[in-house]
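Listing of target_11.pdb; format and content: PDB, C-alpha atoms.
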```
ATOM      1  CA  MET A 901      -7.612 -22.258 -14.445
ATOM      2  CA  LEU A 902      -7.080 -19.208 -12.256
ATOM      3  CA  GLN A 903      -4.836 -19.969  -9.310
ATOM      4  CA  VAL A 904      -2.754 -18.010  -6.835
ATOM      5  CA  GLY A 905       0.904 -18.310  -7.788
ATOM      6  CA  ARG A 906       0.203 -18.369 -11.530
ATOM      7  CA  LYS A 907       0.072 -15.571 -14.100
ATOM      8  CA  ALA A 908      -3.089 -13.509 -13.849
ATOM      9  CA  PRO A 909      -5.229 -13.488 -16.988
ATOM     10  CA  ASP A 910      -4.350 -10.471 -19.107
ATOM     11  CA  PHE A 911      -7.137  -8.336 -20.482
ATOM     12  CA  THR A 912      -7.775  -5.449 -22.813
ATOM     13  CA  ALA A 913     -10.975  -3.509 -22.248
ATOM     14  CA  GLU A 914     -12.527  -0.088 -22.270
ATOM     15  CA  ALA A 915     -12.510   1.771 -18.973
ATOM     16  CA  LEU A 916     -13.710   5.027 -17.554
ATOM     17  CA  VAL A 917     -10.607   6.917 -16.417
ATOM     18  CA  GLY A 918     -11.624  10.196 -14.831
ATOM     19  CA  LYS A 919     -14.238  11.412 -17.310
ATOM     20  CA  GLU A 920     -12.685   9.808 -20.387
ATOM     21  CA  PHE A 921     -13.008   6.424 -22.040
ATOM     22  CA  LYS A 922      -9.681   4.669 -22.533
ATOM     23  CA  THR A 923      -8.596   1.207 -23.534
ATOM     24  CA  ILE A 924      -6.469  -0.370 -20.820
ATOM     25  CA  ASN A 925      -4.565  -3.637 -20.480
ATOM     26  CA  LEU A 926      -3.431  -5.417 -17.367
ATOM     27  CA  SER A 927       0.059  -5.356 -18.883
ATOM     28  CA  ASP A 928      -0.060  -1.512 -18.902
ATOM     29  CA  TYR A 929       0.561  -1.721 -15.163
ATOM     30  CA  LYS A 930       3.520  -4.106 -15.174
ATOM     31  CA  GLY A 931       5.880  -3.114 -12.384
ATOM     32  CA  LYS A 932       2.999  -2.166 -10.053
ATOM     33  CA  TRP A 933       0.954  -4.110  -7.555
ATOM     34  CA  ILE A 934      -2.534  -4.313  -9.040
ATOM     35  CA  VAL A 935      -5.646  -4.472  -6.894
ATOM     36  CA  LEU A 936      -8.362  -5.583  -9.287
ATOM     37  CA  PHE A 937     -11.801  -5.679  -7.734
ATOM     38  CA  PHE A 938     -15.068  -6.720  -9.302
ATOM     39  CA  TYR A 939     -18.511  -5.652  -8.177
ATOM     40  CA  PRO A 940     -21.893  -6.746  -9.553
ATOM     41  CA  LEU A 941     -23.563  -3.633 -10.973
ATOM     42  CA  ASP A 942     -23.609   0.145 -11.072
ATOM     43  CA  PHE A 943     -26.565   1.887  -9.381
ATOM     44  CA  THR A 944     -26.900  -0.678  -6.585
ATOM     45  CA  PHE A 945     -26.778  -0.455  -2.790
ATOM     46  CA  ILE A 946     -23.495  -1.933  -1.514
ATOM     47  CA  CYS A 947     -21.318  -1.157  -4.531
ATOM     48  CA  PRO A 948     -21.155   2.645  -4.018
ATOM     49  CA  THR A 949     -19.762   2.141  -0.518
ATOM     50  CA  GLU A 950     -16.893   0.062  -1.902
ATOM     51  CA  ILE A 951     -16.302   2.247  -4.957
ATOM     52  CA  ARG A 952     -16.058   5.407  -2.859
ATOM     53  CA  GLU A 953     -13.851   3.824  -0.178
ATOM     54  CA  PHE A 954     -11.321   2.542  -2.730
ATOM     55  CA  SER A 955     -11.252   6.042  -4.256
ATOM     56  CA  LYS A 956     -10.948   7.766  -0.880
ATOM     57  CA  ARG A 957      -7.998   5.537   0.055
ATOM     58  CA  HIS A 958      -6.388   5.498  -3.377
ATOM     59  CA  ASP A 959      -3.295   7.420  -2.220
ATOM     60  CA  GLU A 960      -2.558   4.674   0.316
ATOM     61  CA  PHE A 961      -2.368   2.154  -2.532
ATOM     62  CA  VAL A 962      -0.226   4.517  -4.640
ATOM     63  CA  LYS A 963       2.279   4.851  -1.765
ATOM     64  CA  LEU A 964       2.627   1.049  -1.920
ATOM     65  CA  ASN A 965       3.326   1.110  -5.689
ATOM     66  CA  GLY A 966      -0.248  -0.043  -6.167
ATOM     67  CA  GLN A 967      -2.865   0.569  -8.800
ATOM     68  CA  VAL A 968      -6.538  -0.003  -8.072
ATOM     69  CA  ILE A 969      -8.795  -1.059 -10.953
ATOM     70  CA  GLY A 970     -12.529  -1.521 -10.439
ATOM     71  CA  ALA A 971     -14.603  -3.670 -12.791
ATOM     72  CA  SER A 972     -18.177  -4.695 -13.427
ATOM     73  CA  THR A 973     -20.187  -6.090 -16.299
ATOM     74  CA  ASP A 974     -21.678  -2.643 -16.958
ATOM     75  CA  SER A 975     -20.752  -0.488 -19.950
ATOM     76  CA  VAL A 976     -18.454   2.523 -19.724
ATOM     77  CA  TYR A 977     -21.542   4.648 -20.435
ATOM     78  CA  SER A 978     -23.232   3.282 -17.335
ATOM     79  CA  HIS A 979     -20.037   3.969 -15.354
ATOM     80  CA  LEU A 980     -19.990   7.555 -16.624
ATOM     81  CA  ALA A 981     -23.636   8.122 -15.697
ATOM     82  CA  TRP A 982     -23.099   6.570 -12.268
ATOM     83  CA  THR A 983     -20.043   8.686 -11.460
ATOM     84  CA  LYS A 984     -22.218  11.762 -11.898
ATOM     85  CA  GLU A 985     -23.843  10.613  -8.637
ATOM     86  CA  LEU A 986     -20.730   9.128  -7.009
ATOM     87  CA  GLY A 987     -18.237  11.801  -7.976
ATOM     88  CA  GLU A 988     -15.072  11.340 -10.003
ATOM     89  CA  LEU A 989     -12.979   8.338  -9.017
ATOM     90  CA  ASN A 990      -9.215   8.128  -8.569
ATOM     91  CA  TYR A 991      -8.818   4.866 -10.483
ATOM     92  CA  PRO A 992     -10.117   3.268 -13.701
ATOM     93  CA  LEU A 993     -13.521   1.551 -13.824
ATOM     94  CA  LEU A 994     -13.275  -1.290 -16.303
ATOM     95  CA  SER A 995     -16.206  -2.336 -18.475
ATOM     96  CA  ASP A 996     -16.560  -6.093 -18.798
ATOM     97  CA  ASN A 997     -19.800  -6.042 -20.752
ATOM     98  CA  THR A 998     -18.601  -9.033 -22.828
ATOM     99  CA  HIS A 999     -18.192 -10.959 -19.524
ATOM    100  CA  GLU A1000     -14.865 -12.335 -20.752
ATOM    101  CA  ILE A1001     -12.750 -10.877 -17.942
ATOM    102  CA  SER A1002     -15.027 -11.915 -15.076
ATOM    103  CA  ARG A1003     -15.339 -15.366 -16.673
ATOM    104  CA  ASN A1004     -11.516 -15.642 -16.917
ATOM    105  CA  TYR A1005     -11.235 -14.645 -13.269
ATOM    106  CA  GLY A1006     -13.818 -17.289 -12.303
ATOM    107  CA  ILE A1007     -16.403 -14.959 -10.785
ATOM    108  CA  LEU A1008     -19.107 -14.568 -13.425
ATOM    109  CA  LEU A1009     -22.608 -15.620 -12.425
ATOM    110  CA  GLU A1010     -23.582 -16.809 -15.899
ATOM    111  CA  ASP A1011     -27.324 -16.938 -15.200
ATOM    112  CA  LYS A1012     -27.383 -13.333 -13.953
ATOM    113  CA  GLY A1013     -24.688 -11.849 -16.182
ATOM    114  CA  VAL A1014     -22.951 -10.184 -13.227
ATOM    115  CA  ALA A1015     -19.703 -10.671 -11.363
ATOM    116  CA  LEU A1016     -19.430 -11.762  -7.759
ATOM    117  CA  ARG A1017     -17.498  -9.506  -5.408
ATOM    118  CA  GLY A1018     -13.963 -10.565  -6.220
ATOM    119  CA  THR A1019     -10.701  -8.993  -5.089
ATOM    120  CA  PHE A1020      -7.425  -9.939  -6.750
ATOM    121  CA  ILE A1021      -3.910  -8.741  -5.940
ATOM    122  CA  ILE A1022      -1.425  -9.171  -8.758
ATOM    123  CA  ASP A1023       2.288  -8.599  -8.198
ATOM    124  CA  PRO A1024       4.550  -6.429 -10.386
ATOM    125  CA  GLU A1025       5.455  -9.460 -12.528
ATOM    126  CA  GLY A1026       1.809 -10.262 -13.291
ATOM    127  CA  VAL A1027       1.475 -13.179 -10.871
ATOM    128  CA  LEU A1028      -1.768 -13.557  -8.952
ATOM    129  CA  ARG A1029      -0.853 -13.441  -5.265
ATOM    130  CA  TYR A1030      -4.263 -13.134  -3.585
ATOM    131  CA  GLN A1031      -7.896 -13.744  -4.382
ATOM    132  CA  LEU A1032     -11.032 -13.331  -2.331
ATOM    133  CA  VAL A1033     -14.488 -13.966  -3.717
ATOM    134  CA  HIS A1034     -17.713 -13.703  -1.819
ATOM    135  CA  ASP A1035     -21.450 -13.317  -2.041
ATOM    136  CA  LEU A1036     -23.145 -10.295  -3.553
ATOM    137  CA  SER A1037     -24.749  -9.323  -0.243
ATOM    138  CA  VAL A1038     -21.583  -8.404   1.700
ATOM    139  CA  GLY A1039     -19.202  -5.547   0.970
ATOM    140  CA  ARG A1040     -15.461  -6.057   1.219
ATOM    141  CA  SER A1041     -12.969  -4.365   3.546
ATOM    142  CA  VAL A1042     -10.591  -1.915   1.881
ATOM    143  CA  SER A1043      -8.536  -1.910   5.097
ATOM    144  CA  GLU A1044      -8.057  -5.667   4.829
ATOM    145  CA  THR A1045      -7.089  -5.359   1.165
ATOM    146  CA  LEU A1046      -4.412  -2.809   2.120
ATOM    147  CA  ARG A1047      -3.191  -5.026   4.975
ATOM    148  CA  VAL A1048      -2.857  -8.043   2.676
ATOM    149  CA  LEU A1049      -1.018  -5.961   0.066
ATOM    150  CA  GLN A1050       1.427  -4.758   2.727
ATOM    151  CA  ALA A1051       1.901  -8.309   4.016
ATOM    152  CA  LEU A1052       2.611  -9.625   0.514
ATOM    153  CA  GLN A1053       5.152  -6.864  -0.021
ATOM    154  CA  THR A1054       7.200  -7.944   2.999
ATOM    155  CA  GLY A1055       8.112 -11.186   1.228
ATOM    156  CA  GLU A1056       7.972 -12.827   4.636
ATOM    157  CA  LEU A1057       5.576 -14.941   6.655
ATOM    158  CA  CYS A1058       2.935 -12.767   8.273
ATOM    159  CA  GLY A1059       0.815 -14.311  11.007
ATOM    160  CA  ILE A1060      -2.834 -13.802  11.735
ATOM    161  CA  GLU A1061      -3.848 -10.158  12.181
ATOM    162  CA  TRP A1062      -0.307  -9.025  11.220
ATOM    163  CA  LYS A1063      -0.131  -5.280  10.672
ATOM    164  CA  PRO A1064       2.622  -3.095   9.197
ATOM    165  CA  GLY A1065       5.302  -2.336  11.764
ATOM    166  CA  GLU A1066       4.780  -5.627  13.584
ATOM    167  CA  GLN A1067       7.297  -8.452  13.605
ATOM    168  CA  THR A1068       6.948 -10.982  10.799
ATOM    169  CA  LEU A1069       7.588 -14.680  11.285
ATOM    170  CA  GLY A1070      10.523 -14.599   8.880
ATOM    171  CA  LYS A1071      10.794 -16.859   5.872
TER     172      LYS A1071
END
```
What's the structure tokens form of this structure?
Amino acid sequence: MLQVGRKAPDFTAEALVGKEFKTINLSDYKGKWIVLFFYPLDFTFICPTEIREFSKRHDEFVKLNGQVIGASTDSVYSHLAWTKELGELNYPLLSDNTHEISRNYGILLEDKGVALRGTFIIDPEGVLRYQLVHDLSVGRSVSETLRVLQALQTGELCGIEWKPGEQTLGK
């Protein structure tokens, strides 16, 4: 069972990286903070807003030793066609068309064959440190994802609405 504080499920899958198809593994990114986010489908209404915002703010994640990976149950061919409209992205878009990854992360809507909006932060050792899953109808906040990543990286207790530069609560 997926749980914060335990090893994140590893995966091997095809992804669109730039304009190329590549096979990637979660373990390829050992030593980095991984922000793995799932969205339901390409060519929808809310998803492009999230996809573009993660790409636009990619350098902020890189400065934090982070790697963003997007994922949906679409094929890499669908991703490639969609990025012709969206523009090239700064991170891999994973294809989970077997549904195995979204099932392992506990966010697959079996009856619809799509993933819920799930955000997972995995530390450099492969341990799941954060998960947020919500309804298909509401987009996530990239700013909040960055804030949580920064809070986790302090290794300290961070109170409500903590922001980088503010005092932590210690350990």
Residues near Gln1031 (chain A), cut-off 9 Å, all atoms listed in the file, skip fewer than 6 positions along chain, as a PyMOL selection string: chain A and resi 903-904+1018-1021
Residues returned when the PyMOL selection byres ((chain A and resi 986-999) around 8) runs on this file, as a PyMOL selection string: chain A and resi 913-919+948+952+955-956+958+967-976+979+982-985+1000-1003+1008+1013-1014
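Candidate residues A:Gly1065, A:Gly1039, A:Gly1026, A:Gly1059 were compared for distance to Phe945 (chain A), and the nearest is A:Gly1039, using all atoms listed in the file.
Proximity of A:Pro1024, A:Gly966, A:Gly1006, A:Gly931 to Thr1045 (chain A), computed with all atoms listed in the file, is greatest for A:Gly966.
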Nearest candidate to Glu1061 (chain A) (options A:Ser1043, A:Ser927, A:Asn1004, A:Thr944; using all atoms listed in the file): A:Ser1043
Who sits within 10 Å of Ser1037 (chain A), all atoms listed in the file, same chain under 6 positions skipped, as number ranges by chain: A: 945-947, 1016-1017
Selection from above, C-alpha atoms, as a PDB file, in the frame of the given file, can you write it?
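Done, and the output landed in again_25.pdb:
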```pdb
ATOM      1  CA  PHE A 945     -26.778  -0.455  -2.790  1.00  0.00           C
ATOM      2  CA  ILE A 946     -23.495  -1.933  -1.514  1.00  0.00           C
ATOM      3  CA  CYS A 947     -21.318  -1.157  -4.531  1.00  0.00           C
ATOM      4  CA  LEU A1016     -19.430 -11.762  -7.759  1.00  0.00           C
ATOM      5  CA  ARG A1017     -17.498  -9.506  -5.408  1.00  0.00           C
TER       6      ARG A1017
END
```
Put a box with edges along x, y and z around all the listed atoms of region 913-920 of chain A, pad it by 6 Å on each side, then give me its centre and sizes in Å, one decimal, as lines of an AutoDock Vina configuration file.
```
center_x = -12.4
center_y = 4.0
center_z = -18.6
size_x = 15.6
size_y = 26.9
size_z = 19.4
```
Distance in Å - CA of Leu1032 (chain A) versus CA of Lys1063 (chain A):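 Spanning CA of Leu1032 (chain A) to CA of Lys1063 (chain A) is a straight-line distance of 18.8 Å.
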Pick from A:Glu1025, A:Asp942, A:Glu1044, A:Asp1035, whichever lies nearest to Gly905 (chain A) using only C-alpha atoms: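 Counting only C-alpha atoms, the residue closest to Gly905 (chain A) is A:Glu1025.
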Target residues per the PyMOL selection byres ((chain A and resi 1058) around 6), formatted as a ChimeraX atom specification: /A:1057,1059,1062,1068-1069
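The spacing separating CA of Pro940 (chain A) from CA of Arg906 (chain A) amounts to 25.0 Å.
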Given all atoms listed in the file as the counted atoms, nearest of A:Trp933, A:Phe921, A:Tyr1005, A:Phe911 to Phe961 (chain A):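 With all atoms listed in the file as the atom set, the closest residue is A:Trp933.
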Gap from CA of Val1048 (chain A) to CA of Asp1023 (chain A) - Å, one decimal: 12.0 Å
Counting only C-alpha atoms, the residue of A:Lys930, A:Gln1067, A:Ile1060, A:Val1027 that sits nearest Pro909 (chain A):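 Smallest distance to Pro909 (chain A) is found for A:Val1027.
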Starting from the incomplete input, reconstruct N, CA and C atoms of region 1015-1029 of chain A and report them as a PDB file, keeping the file's coordinate frame.
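Final file, rebuild_4.pdb:
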```
ATOM      1  N   ALA A1015     -20.855 -10.129 -12.072  1.00  0.00           N
ATOM      2  CA  ALA A1015     -19.703 -10.671 -11.363  1.00  0.00           C
ATOM      3  C   ALA A1015     -19.977 -10.714  -9.864  1.00  0.00           C
ATOM      4  N   LEU A1016     -19.449 -11.736  -9.221  1.00  0.00           N
ATOM      5  CA  LEU A1016     -19.430 -11.762  -7.759  1.00  0.00           C
ATOM      6  C   LEU A1016     -18.463 -10.692  -7.271  1.00  0.00           C
ATOM      7  N   ARG A1017     -18.467 -10.432  -5.983  1.00  0.00           N
ATOM      8  CA  ARG A1017     -17.498  -9.506  -5.408  1.00  0.00           C
ATOM      9  C   ARG A1017     -16.160 -10.241  -5.307  1.00  0.00           C
ATOM     10  N   GLY A1018     -15.272  -9.924  -6.194  1.00  0.00           N
ATOM     11  CA  GLY A1018     -13.963 -10.565  -6.220  1.00  0.00           C
ATOM     12  C   GLY A1018     -12.872  -9.531  -6.071  1.00  0.00           C
ATOM     13  N   THR A1019     -11.865  -9.862  -5.272  1.00  0.00           N
ATOM     14  CA  THR A1019     -10.701  -8.993  -5.089  1.00  0.00           C
ATOM     15  C   THR A1019      -9.468  -9.808  -5.429  1.00  0.00           C
ATOM     16  N   PHE A1020      -8.620  -9.253  -6.293  1.00  0.00           N
ATOM     17  CA  PHE A1020      -7.425  -9.939  -6.750  1.00  0.00           C
ATOM     18  C   PHE A1020      -6.238  -9.003  -6.604  1.00  0.00           C
ATOM     19  N   ILE A1021      -5.152  -9.509  -6.016  1.00  0.00           N
ATOM     20  CA  ILE A1021      -3.910  -8.741  -5.940  1.00  0.00           C
ATOM     21  C   ILE A1021      -2.894  -9.448  -6.825  1.00  0.00           C
ATOM     22  N   ILE A1022      -2.357  -8.659  -7.756  1.00  0.00           N
ATOM     23  CA  ILE A1022      -1.425  -9.171  -8.758  1.00  0.00           C
ATOM     24  C   ILE A1022      -0.098  -8.449  -8.556  1.00  0.00           C
ATOM     25  N   ASP A1023       0.982  -9.209  -8.481  1.00  0.00           N
ATOM     26  CA  ASP A1023       2.288  -8.599  -8.198  1.00  0.00           C
ATOM     27  C   ASP A1023       2.862  -7.910  -9.433  1.00  0.00           C
ATOM     28  N   PRO A1024       3.976  -7.189  -9.262  1.00  0.00           N
ATOM     29  CA  PRO A1024       4.550  -6.429 -10.386  1.00  0.00           C
ATOM     30  C   PRO A1024       4.959  -7.268 -11.592  1.00  0.00           C
ATOM     31  N   GLU A1025       5.099  -8.573 -11.411  1.00  0.00           N
ATOM     32  CA  GLU A1025       5.455  -9.460 -12.528  1.00  0.00           C
ATOM     33  C   GLU A1025       4.232 -10.084 -13.180  1.00  0.00           C
ATOM     34  N   GLY A1026       3.035  -9.735 -12.699  1.00  0.00           N
ATOM     35  CA  GLY A1026       1.809 -10.262 -13.291  1.00  0.00           C
ATOM     36  C   GLY A1026       1.315 -11.561 -12.689  1.00  0.00           C
ATOM     37  N   VAL A1027       1.866 -11.935 -11.535  1.00  0.00           N
ATOM     38  CA  VAL A1027       1.475 -13.179 -10.871  1.00  0.00           C
ATOM     39  C   VAL A1027       0.368 -12.886  -9.862  1.00  0.00           C
ATOM     40  N   LEU A1028      -0.675 -13.685  -9.907  1.00  0.00           N
ATOM     41  CA  LEU A1028      -1.768 -13.557  -8.952  1.00  0.00           C
ATOM     42  C   LEU A1028      -1.277 -14.010  -7.577  1.00  0.00           C
ATOM     43  N   ARG A1029      -1.362 -13.135  -6.602  1.00  0.00           N
ATOM     44  CA  ARG A1029      -0.853 -13.441  -5.265  1.00  0.00           C
ATOM     45  C   ARG A1029      -1.961 -13.578  -4.226  1.00  0.00           C
TER      46      ARG A1029
END
```
